[in-house]
>>> print(open('final_30.tsv').read())   # TSV, C-alpha atoms and all ligand atoms
chain	number	residue	atom	x	y	z
A	17	MET	CA	-27.79	33.59	0.10
A	18	GLU	CA	-30.15	30.71	-0.59
A	19	LYS	CA	-28.57	27.32	0.17
A	20	THR	CA	-29.24	26.26	-3.42
A	21	GLY	CA	-27.85	29.46	-4.98
A	22	LYS	CA	-25.02	28.91	-7.45
A	23	ILE	CA	-21.76	30.36	-6.16
A	24	PHE	CA	-18.64	30.81	-8.30
A	25	VAL	CA	-15.53	30.74	-6.12
A	26	ALA	CA	-12.71	31.97	-8.36
A	27	GLY	CA	-9.34	30.69	-7.11
A	28	HIS	CA	-10.87	27.76	-5.20
A	29	ARG	CA	-7.55	25.91	-4.93
A	30	GLY	CA	-5.72	28.84	-3.31
A	31	LEU	CA	-5.23	29.51	0.40
A	32	VAL	CA	-8.25	31.80	0.66
A	33	GLY	CA	-10.51	30.24	-1.99
A	34	SER	CA	-10.11	26.71	-0.60
A	35	ALA	CA	-10.99	27.92	2.93
A	36	ILE	CA	-14.07	29.72	1.56
A	37	CYS	CA	-15.23	26.56	-0.27
A	38	ARG	CA	-14.80	24.50	2.93
A	39	GLU	CA	-16.81	27.06	4.92
A	40	LEU	CA	-19.57	27.24	2.30
A	41	GLN	CA	-19.83	23.45	2.24
A	42	ARG	CA	-19.80	23.31	6.04
A	43	GLN	CA	-22.76	25.70	6.07
A	44	GLY	CA	-24.68	23.61	3.52
A	45	TYR	CA	-24.03	25.52	0.28
A	46	ALA	CA	-23.57	22.70	-2.18
A	47	ASN	CA	-24.07	24.45	-5.52
A	48	LEU	CA	-20.51	25.62	-6.06
A	49	ALA	CA	-19.18	26.37	-9.54
A	50	VAL	CA	-15.40	26.03	-9.61
A	51	ARG	CA	-12.72	25.76	-12.30
A	52	THR	CA	-8.98	25.27	-11.99
A	53	HIS	CA	-6.58	27.75	-13.61
A	54	ALA	CA	-5.88	25.16	-16.34
A	55	GLU	CA	-9.61	24.77	-17.06
A	56	LEU	CA	-10.42	28.50	-17.09
A	57	ASP	CA	-7.81	31.22	-17.43
A	58	LEU	CA	-9.45	34.20	-15.76
A	59	THR	CA	-7.22	36.66	-17.61
A	60	ASP	CA	-9.03	35.69	-20.84
A	61	SER	CA	-12.15	37.84	-20.79
A	62	ALA	CA	-13.91	36.13	-23.74
A	63	THR	CA	-13.57	32.69	-22.13
A	64	VAL	CA	-14.67	34.05	-18.77
A	65	LEU	CA	-17.78	35.57	-20.35
A	66	ASP	CA	-18.61	32.22	-22.01
A	67	PHE	CA	-18.22	30.48	-18.64
A	68	PHE	CA	-20.60	32.95	-16.95
A	69	GLN	CA	-23.15	32.60	-19.78
A	70	GLN	CA	-23.14	28.83	-19.41
A	71	GLU	CA	-22.99	28.57	-15.62
A	72	LYS	CA	-25.03	31.67	-14.63
A	73	PRO	CA	-23.65	31.97	-11.09
A	74	GLU	CA	-25.78	34.06	-8.71
A	75	TYR	CA	-22.95	34.87	-6.29
A	76	VAL	CA	-19.25	35.35	-6.95
A	77	VAL	CA	-16.26	35.26	-4.61
A	78	LEU	CA	-13.22	36.63	-6.42
A	79	ALA	CA	-10.30	34.96	-4.60
A	80	ALA	CA	-8.20	34.32	-7.72
A	81	ALA	CA	-5.20	36.56	-8.09
A	82	LYS	CA	-1.49	36.58	-8.68
A	83	VAL	CA	-0.27	36.66	-5.09
A	84	GLY	CA	3.20	36.61	-3.53
A	85	GLY	CA	5.49	37.84	-0.80
A	86	ILE	CA	7.75	40.87	-0.71
A	87	LEU	CA	10.50	39.44	-2.95
A	88	ALA	CA	8.12	38.20	-5.66
A	89	ASN	CA	6.20	41.50	-5.64
A	90	ASP	CA	9.41	43.54	-5.83
A	91	SER	CA	10.94	41.36	-8.58
A	92	TYR	CA	7.94	40.91	-10.90
A	93	PRO	CA	5.81	44.08	-10.63
A	94	ALA	CA	4.72	43.91	-14.28
A	95	ASP	CA	3.31	40.39	-13.82
A	96	PHE	CA	1.49	41.43	-10.64
A	97	ILE	CA	-0.24	44.47	-12.15
A	98	ARG	CA	-1.04	42.85	-15.53
A	99	GLU	CA	-2.43	39.53	-14.23
A	100	ASN	CA	-4.48	41.08	-11.45
A	101	LEU	CA	-5.99	43.84	-13.59
A	102	LYS	CA	-6.96	41.27	-16.23
A	103	ILE	CA	-8.45	38.73	-13.78
A	104	GLN	CA	-10.57	41.23	-11.87
A	105	THR	CA	-11.72	43.09	-14.99
A	106	SER	CA	-12.85	39.85	-16.67
A	107	VAL	CA	-14.68	38.53	-13.61
A	108	ILE	CA	-16.32	41.78	-12.47
A	109	ASP	CA	-17.53	42.65	-15.95
A	110	ALA	CA	-18.81	39.12	-16.69
A	111	SER	CA	-20.64	39.21	-13.34
A	112	TYR	CA	-22.41	42.44	-14.32
A	113	ARG	CA	-23.33	41.13	-17.79
A	114	ASN	CA	-24.83	38.00	-16.24
A	115	GLY	CA	-26.83	39.53	-13.41
A	116	VAL	CA	-24.76	38.27	-10.46
A	117	LYS	CA	-26.61	39.25	-7.25
A	118	ARG	CA	-23.64	39.77	-4.95
A	119	LEU	CA	-19.90	39.74	-5.57
A	120	LEU	CA	-17.12	39.77	-3.00
A	121	PHE	CA	-13.79	41.02	-4.34
A	122	LEU	CA	-10.78	40.09	-2.22
A	123	GLY	CA	-8.04	42.66	-1.98
A	124	SER	CA	-5.31	43.14	0.56
A	125	SER	CA	-4.28	45.48	3.35
A	126	CYS	CA	-1.33	46.65	1.19
A	127	ILE	CA	-3.78	48.98	-0.62
A	128	TYR	CA	-3.40	51.44	2.26
A	129	PRO	CA	-0.70	54.15	2.41
A	130	ARG	CA	2.69	52.96	3.69
A	131	LEU	CA	2.58	55.34	6.64
A	132	ALA	CA	-1.17	55.26	7.33
A	133	PRO	CA	-2.18	56.00	10.95
A	134	GLN	CA	-2.70	52.76	12.92
A	135	PRO	CA	-4.98	50.93	13.20
A	136	ILE	CA	-5.89	51.49	9.56
A	137	LYS	CA	-9.47	52.57	8.89
A	138	GLU	CA	-11.18	51.99	5.54
A	139	GLU	CA	-11.31	55.74	4.92
A	140	TYR	CA	-7.50	55.99	4.78
A	141	LEU	CA	-7.56	54.57	1.24
A	142	LEU	CA	-5.74	56.91	-1.19
A	143	THR	CA	-4.64	59.35	1.49
A	144	GLY	CA	-0.87	58.88	0.99
A	145	PRO	CA	1.95	57.16	-0.95
A	146	LEU	CA	1.98	53.34	-1.14
A	147	GLU	CA	4.72	50.95	-0.01
A	148	PRO	CA	7.06	50.80	-3.07
A	149	THR	CA	7.82	47.03	-2.89
A	150	ASN	CA	4.21	46.06	-3.71
A	151	ARG	CA	2.86	49.22	-5.34
A	152	ALA	CA	2.00	47.48	-8.65
A	153	TYR	CA	-0.06	44.82	-6.86
A	154	ALA	CA	-1.70	47.37	-4.56
A	155	LEU	CA	-2.68	49.62	-7.46
A	156	ALA	CA	-4.31	46.69	-9.26
A	157	LYS	CA	-6.32	45.94	-6.10
A	158	ILE	CA	-7.27	49.62	-5.71
A	159	ALA	CA	-8.48	49.57	-9.33
A	160	GLY	CA	-10.60	46.53	-8.42
A	161	ILE	CA	-12.21	48.40	-5.52
A	162	GLU	CA	-12.88	51.38	-7.77
A	163	MET	CA	-14.37	49.05	-10.37
A	164	CYS	CA	-16.77	47.50	-7.83
A	165	TRP	CA	-17.76	50.98	-6.66
A	166	SER	CA	-18.18	52.32	-10.21
A	167	TYR	CA	-20.33	49.37	-11.31
A	168	ASN	CA	-22.47	49.79	-8.19
A	169	ARG	CA	-22.95	53.49	-8.93
A	170	GLN	CA	-23.54	53.19	-12.67
A	171	TYR	CA	-25.33	49.83	-12.92
A	172	GLY	CA	-26.82	49.31	-9.45
A	173	THR	CA	-24.77	46.16	-8.82
A	174	LYS	CA	-23.97	44.96	-5.28
A	175	TYR	CA	-20.24	44.37	-5.25
A	176	LEU	CA	-18.29	44.53	-2.02
A	177	ALA	CA	-14.50	44.65	-1.58
A	178	ALA	CA	-13.05	42.83	1.43
A	179	MET	CA	-9.52	43.72	2.53
A	180	PRO	CA	-8.03	40.95	4.67
A	181	THR	CA	-4.86	41.41	6.65
A	182	ASN	CA	-1.95	38.94	6.15
A	183	MET	CA	-3.39	35.45	5.81
A	184	TYR	CA	-2.00	32.04	6.66
A	185	GLY	CA	-3.37	28.53	7.02
A	186	PRO	CA	-3.45	25.01	5.55
A	187	GLY	CA	-2.48	24.95	1.87
A	188	ASP	CA	-0.33	28.08	2.13
A	189	ASN	CA	2.58	28.71	-0.24
A	190	PHE	CA	5.78	27.54	1.49
A	191	ASP	CA	8.13	28.28	-1.42
A	192	LEU	CA	10.82	30.46	0.18
A	193	LYS	CA	11.20	32.72	-2.87
A	194	GLY	CA	7.50	33.42	-3.36
A	195	SER	CA	5.88	33.00	0.04
A	196	HIS	CA	4.68	35.48	2.65
A	197	VAL	CA	6.59	35.99	5.89
A	198	LEU	CA	4.77	33.55	8.17
A	199	PRO	CA	4.83	30.43	5.94
A	200	ALA	CA	8.47	31.24	5.11
A	201	LEU	CA	9.36	31.38	8.83
A	202	MET	CA	7.48	28.15	9.48
A	203	ARG	CA	9.40	26.34	6.79
A	204	LYS	CA	12.79	27.77	7.84
A	205	VAL	CA	12.27	26.85	11.49
A	206	PHE	CA	10.96	23.38	10.65
A	207	GLU	CA	13.87	22.60	8.31
A	208	ALA	CA	16.55	24.05	10.61
A	209	LYS	CA	15.30	21.91	13.50
A	210	ARG	CA	15.22	18.80	11.34
A	211	ALA	CA	18.74	19.48	10.01
A	212	GLY	CA	20.07	20.01	13.54
A	213	GLU	CA	21.09	23.61	12.79
A	214	LYS	CA	21.17	26.23	15.51
A	215	LYS	CA	20.56	29.42	13.50
A	216	VAL	CA	17.55	30.64	11.55
A	217	VAL	CA	17.99	33.61	9.19
A	218	VAL	CA	15.03	36.02	9.16
A	219	TRP	CA	14.70	38.59	6.36
A	220	GLY	CA	14.81	42.25	7.41
A	221	THR	CA	15.37	43.81	10.83
A	222	GLY	CA	12.59	41.95	12.65
A	223	LYS	CA	11.11	45.29	13.70
A	224	PRO	CA	8.06	45.72	11.42
A	225	ARG	CA	4.74	44.94	13.08
A	226	ARG	CA	2.21	42.72	11.32
A	227	GLU	CA	-1.23	41.24	11.93
A	228	PHE	CA	-2.14	37.67	10.86
A	229	LEU	CA	-5.50	36.05	10.26
A	230	TYR	CA	-6.16	32.31	10.00
A	231	SER	CA	-7.73	31.35	6.65
A	232	ASP	CA	-10.76	29.64	8.23
A	233	ASP	CA	-11.54	32.85	10.12
A	234	LEU	CA	-11.39	34.85	6.89
A	235	ALA	CA	-13.62	32.31	5.17
A	236	GLU	CA	-16.20	32.65	7.93
A	237	ALA	CA	-16.06	36.45	7.60
A	238	CYS	CA	-16.56	36.27	3.82
A	239	VAL	CA	-19.61	33.99	4.09
A	240	HIS	CA	-20.96	36.23	6.87
A	241	LEU	CA	-20.70	39.27	4.57
A	242	LEU	CA	-22.33	37.52	1.61
A	243	ASN	CA	-25.13	36.44	3.89
A	244	LEU	CA	-25.96	39.80	5.48
A	245	PRO	CA	-29.61	40.82	5.25
A	246	ASP	CA	-30.32	43.15	2.29
A	247	SER	CA	-30.69	46.29	4.39
A	248	THR	CA	-27.35	45.76	6.18
A	249	TYR	CA	-25.51	44.68	3.03
A	250	ASP	CA	-26.89	47.63	1.07
A	251	SER	CA	-25.83	50.04	3.81
A	252	LEU	CA	-22.21	49.04	3.05
A	253	LEU	CA	-22.72	50.04	-0.57
A	254	ASN	CA	-24.80	53.17	-0.17
A	255	ARG	CA	-22.03	55.20	1.33
A	256	SER	CA	-20.23	58.18	-0.08
A	257	ASP	CA	-17.00	56.18	0.15
A	258	PRO	CA	-15.89	52.91	-1.53
A	259	PRO	CA	-17.69	49.61	-0.70
A	260	LEU	CA	-14.76	48.51	1.38
A	261	ILE	CA	-14.45	46.43	4.54
A	262	ASN	CA	-11.38	45.42	6.52
A	263	ILE	CA	-11.02	41.86	7.84
A	264	GLY	CA	-8.47	41.17	10.55
A	265	ASN	CA	-8.15	40.11	14.16
A	266	GLY	CA	-7.17	43.52	15.51
A	267	GLU	CA	-3.81	42.45	17.04
A	268	ASP	CA	-0.26	42.71	15.75
A	269	LEU	CA	3.27	41.70	16.77
A	270	THR	CA	6.83	42.28	15.51
A	271	ILE	CA	8.44	39.90	13.01
A	272	ARG	CA	10.95	39.04	15.77
A	273	GLU	CA	8.10	38.08	18.12
A	274	LEU	CA	6.51	36.08	15.31
A	275	ALA	CA	9.74	34.15	14.63
A	276	GLU	CA	10.11	33.47	18.37
A	277	LEU	CA	6.54	32.18	18.52
A	278	VAL	CA	7.08	29.85	15.53
A	279	ALA	CA	10.29	28.48	17.12
A	280	ARG	CA	8.54	27.98	20.48
A	281	ILE	CA	5.66	26.11	18.80
A	282	GLN	CA	8.25	23.81	17.20
A	283	ASP	CA	9.96	23.43	20.59
A	284	PHE	CA	13.16	24.64	18.95
A	285	ASP	CA	15.77	26.62	20.88
A	286	CYS	CA	17.53	28.49	18.05
A	287	GLU	CA	19.35	31.76	17.42
A	288	LEU	CA	17.43	34.16	15.17
A	289	VAL	CA	19.76	36.02	12.80
A	290	PHE	CA	18.22	39.08	11.16
A	291	ASP	CA	19.33	40.03	7.64
A	292	PRO	CA	18.89	43.82	7.32
A	293	THR	CA	19.93	43.72	3.64
A	294	MET	CA	16.44	42.33	2.87
A	295	GLU	CA	13.47	44.73	2.61
A	296	ASP	CA	11.34	45.33	5.71
A	297	GLY	CA	8.30	46.67	3.83
A	298	THR	CA	5.77	48.89	5.61
A	299	PRO	CA	6.79	49.57	9.27
A	300	ARG	CA	3.37	48.66	10.69
A	301	LYS	CA	0.15	47.24	9.25
A	302	LEU	CA	-2.73	46.74	11.66
A	303	LEU	CA	-6.29	47.00	10.39
A	304	ASP	CA	-9.09	48.76	12.21
A	305	VAL	CA	-11.78	46.09	12.31
A	306	SER	CA	-14.58	48.03	13.99
A	307	ARG	CA	-16.75	48.03	10.85
A	308	ILE	CA	-16.83	44.20	10.57
A	309	HIS	CA	-17.21	43.82	14.35
A	310	GLU	CA	-20.31	46.03	14.18
A	311	LEU	CA	-21.66	43.62	11.55
A	312	GLY	CA	-21.43	40.75	14.02
A	313	TRP	CA	-18.18	38.97	13.03
A	314	LYS	CA	-15.00	38.52	15.07
A	315	ALA	CA	-11.91	36.33	14.52
A	316	LYS	CA	-11.86	33.18	16.68
A	317	VAL	CA	-8.55	31.38	16.10
A	318	SER	CA	-5.53	32.67	18.07
A	319	LEU	CA	-2.23	33.06	16.24
A	320	GLU	CA	-0.63	30.26	18.24
A	321	GLU	CA	-3.51	27.86	17.59
A	322	GLY	CA	-3.60	28.77	13.88
A	323	ILE	CA	0.15	28.19	13.46
A	324	ARG	CA	-0.16	24.82	15.24
A	325	ARG	CA	-3.00	23.79	12.90
A	326	THR	CA	-1.05	24.98	9.83
A	327	PHE	CA	2.04	23.01	10.90
A	328	ALA	CA	-0.08	19.91	11.42
A	329	ALA	CA	-1.63	20.21	7.95
A	330	ALA	CA	1.68	21.02	6.24
A	331	GLU	CA	3.53	18.15	7.91
A	332	SER	CA	0.82	15.63	7.03
A	333	GLN	CA	0.88	16.79	3.40
A	334	LEU	CA	4.70	17.01	3.30
A	335	GLU	CA	4.33	20.56	1.99
A	336	PHE	CA	7.77	21.57	3.17
A	337	SER	CA	9.32	19.20	0.67
A	338	ALA	CA	7.97	21.37	-2.16
A	339	PRO	CA	10.67	23.55	-3.85
B	401	LIG	N1	-2.33	35.26	1.33
B	401	LIG	C1	-2.47	36.40	1.99
B	401	LIG	O1	-1.77	36.71	2.95
B	401	LIG	C2	-3.56	37.37	1.58
B	401	LIG	C3	-3.75	38.46	2.41
B	401	LIG	C4	-4.73	39.38	2.09
B	401	LIG	C5	-5.47	39.19	0.95
B	401	LIG	N2	-5.29	38.12	0.15
B	401	LIG	C6	-6.11	38.05	-1.07
B	401	LIG	O2	-6.83	36.86	-1.17
B	401	LIG	C7	-6.91	36.47	-2.54
B	401	LIG	C8	-6.42	35.06	-2.68
B	401	LIG	O3	-5.11	34.95	-2.14
B	401	LIG	P1	-4.46	33.55	-1.79
B	401	LIG	O4	-3.48	33.81	-0.72
B	401	LIG	O5	-5.51	32.52	-1.61
B	401	LIG	O6	-3.64	33.26	-3.12
B	401	LIG	P2	-3.22	31.84	-3.72
B	401	LIG	O7	-3.12	30.81	-2.67
B	401	LIG	O8	-2.04	32.10	-4.61
B	401	LIG	O9	-4.48	31.47	-4.63
B	401	LIG	C9	-4.81	32.20	-5.77
B	401	LIG	C10	-5.57	31.29	-6.69
B	401	LIG	O10	-5.87	32.03	-7.89
B	401	LIG	C11	-5.61	31.17	-8.99
B	401	LIG	N3	-5.27	31.95	-10.18
B	401	LIG	C12	-4.25	32.82	-10.32
B	401	LIG	N4	-4.24	33.32	-11.57
B	401	LIG	C13	-5.28	32.74	-12.21
B	401	LIG	C14	-5.79	32.85	-13.52
B	401	LIG	N5	-5.22	33.66	-14.44
B	401	LIG	N6	-6.88	32.11	-13.85
B	401	LIG	C15	-7.44	31.28	-12.96
B	401	LIG	N7	-7.03	31.16	-11.69
B	401	LIG	C16	-5.93	31.87	-11.33
B	401	LIG	C17	-4.43	30.33	-8.57
B	401	LIG	O11	-4.35	29.18	-9.35
B	401	LIG	P3	-2.89	28.62	-9.76
B	401	LIG	O12	-2.14	28.45	-8.47
B	401	LIG	O13	-3.19	27.36	-10.47
B	401	LIG	O14	-2.28	29.68	-10.62
B	401	LIG	C18	-4.79	30.05	-7.11
B	401	LIG	O15	-5.63	28.94	-6.99
B	401	LIG	C19	-6.08	37.49	-3.32
B	401	LIG	O16	-6.91	38.43	-3.91
B	401	LIG	C20	-5.23	38.14	-2.29
B	401	LIG	O17	-5.00	39.49	-2.59
B	401	LIG	C21	-4.35	37.19	0.45
>>> encode(input="final_30.tsv", output="structure tokens", more="lines below")
Ligand SMILES: NC(=O)c1ccc[n+]([C@@H]2O[C@H](COP(=O)([O-])OP(=O)(O)OC[C@H]3O[C@@H](n4cnc5c(N)ncnc54)[C@H](OP(=O)(O)O)[C@@H]3O)[C@@H](O)[C@H]2O)c1
Amino acid sequence: MEKTGKIFVAGHRGLVGSAICRELQRQGYANLAVRTHAELDLTDSATVLDFFQQEKPEYVVLAAAKVGGILANDSYPADFIRENLKIQTSVIDASYRNGVKRLLFLGSSCIYPRLAPQPIKEEYLLTGPLEPTNRAYALAKIAGIEMCWSYNRQYGTKYLAAMPTNMYGPGDNFDLKGSHVLPALMRKVFEAKRAGEKKVVVWGTGKPRREFLYSDDLAEACVHLLNLPDSTYDSLLNRSDPPLINIGNGEDLTIRELAELVARIQDFDCELVFDPTMEDGTPRKLLDVSRIHELGWKAKVSLEEGIRRTFAAAESQLEFSAP
């Protein structure tokens, strides 16, 4: 990407989009086109097309989506499939109609079958049934991958789909009803310690294994992908399988171990009480990251360091006082 190239980061105020904007700016990309949700509703395809015609972005990072944890996904599946299909359809199609050079579509590791062999390789897509609690969301994301692939095949576009593992970092969603497992644990542990309580309730059995990636690491990976030389970038598209690439750090741990780590970082000696009436989700989700390692990118921030940084940012911004 040229340093002066215009880059539209959709979802620039979200966890992932904000980290990508910071990384782009850090690397000297100053020509960013961004709009808040209130300024540009990405589900409205006519307005999105107008925006593209006026702004003419050359590169697009699609990090806007309706995103949530297990409870939100399980409770509002219609919202998750409708909003995500509309957002990605509007943005991908407007990108094609306006000659965008490269587009990076962000999906999620929940696109893979619930019982996929571990670690999960890109080629396991559509080889088995999905996890039921987030099937609507996952199917929208799979449709987005298929759309990138179809546009590449039919129109010669260069759209790549990046599938990050579970993300966390500054600016995360700490709302206990809508958040992912790690920010929820951080908030619960923080508040229990402050309230002088001795017990922290953790949803599920604590047994599922999960992988976590710090948002700044993901941002670096995304910019790395957008910046690959033509021949390398094109080799990711000219395959007989979807233009898909996993992004993770290649290590996982149980939810129990994660909760223990969060408590240790807060220097809090508490009893963890597991609530098996809450859904566990997929038993294990660890991405195979050999493809992105071969392209010269590896995660840098350890889980402990990333959680410490996220606590520091959340405490300074009083994010735990949000509902
Ligand atoms: N968080 C994770 O653990 C994780 C893991 C893997 C992949 N991802 C992927 O990364 C992407 C971004 O996730 P995130 O965690 O950064 O989510 P996030 O923090 O909720 O950010 C999403 C952003 O999209 C915006 N948005 C939503 N609907 C919109 C609409 N109709 N029009 C305009 N903007 C809209 C939101 O704005 P408002 O808040 O104003 O609505 C928000 O700024 C998603 O595709 C997700 O699948 C996330």
>>> atom_distance(input="final_30.tsv", atom1="atom CA of Leu155 of chain A", atom2="atom CA of Ser256 of chain A")
20.9 Å
>>> closest_residue(input="final_30.tsv", among="A:Glu138, A:Ala235, A:Tyr128, A:Trp313", to="Cys37 of chain A", atoms="all atoms listed in the file")
A:Ala235
>>> axis_aligned_box(input="final_30.tsv", around="ligand LIG 401 (chain B)", padding_each_side="5 Å", output="JSON")
{"center_x": -4.6, "center_y": 33.4, "center_z": -5.7, "size_x": 15.7, "size_y": 22.1, "size_z": 27.4}
>>> residues_around(input="final_30.tsv", residues="Phe228 of chain A", least_positions_apart="3", cutoff="12 Å", atoms="all atoms listed in the file", output="PyMOL selection string")
chain A and resi 125+180-185+196-199+225+231+233-234+263-271+274+301-303+315+317-323
>>> residues_around(input="final_30.tsv", residues="Arg210 of chain A", least_positions_apart="5", cutoff="10 Å", atoms="all atoms listed in the file", output="mmCIF file with C-alpha atoms, keeping the file's coordinate frame")
data_model
loop_
_atom_site.group_PDB
_atom_site.id
_atom_site.type_symbol
_atom_site.label_atom_id
_atom_site.label_comp_id
_atom_site.auth_asym_id
_atom_site.auth_seq_id
_atom_site.Cartn_x
_atom_site.Cartn_y
_atom_site.Cartn_z
ATOM 1 C CA LYS A 204 12.790 27.770 7.840
ATOM 2 C CA VAL A 205 12.270 26.850 11.490
ATOM 3 C CA PHE A 284 13.160 24.640 18.950
#
>>> atom_distance(input="final_30.tsv", atom1="atom CA of Arg113 of chain A", atom2="atom CA of Phe68 of chain A")
8.7 Å
>>> residues_near_ligand(input="final_30.tsv", ligand="ligand LIG 401 (chain B)", cutoff="9 Å", atoms="all atoms listed in the file", output="ChimeraX atom specification")
/A:26-35,51-60,78-85,99-100,102-103,121-126,153-154,157,178-185,187-189,195-198,228-229,231,263
>>> closest_residue(input="final_30.tsv", among="A:Thr173, A:Cys164, A:Asn47, A:Pro186", to="Tyr230 of chain A", atoms="all atoms listed in the file")
A:Pro186
>>> residues_around(input="final_30.tsv", residues="Leu142 of chain A", least_positions_apart="6", cutoff="9 Å", atoms="all atoms listed in the file", output="PyMOL selection string")
chain A and resi 127-129+158
>>> residues_around(input="final_30.tsv", residues="Gln41 of chain A", least_positions_apart="3", cutoff="12 Å", atoms="all atoms listed in the file", output="list in words")
Lys19, Thr20, Ile23, Val25, Ser34, Ala35, Ile36, Cys37, Arg38, Gly44, Tyr45, Ala46, Asn47, Leu48, Ala235, Glu236 and Val239 of chain A
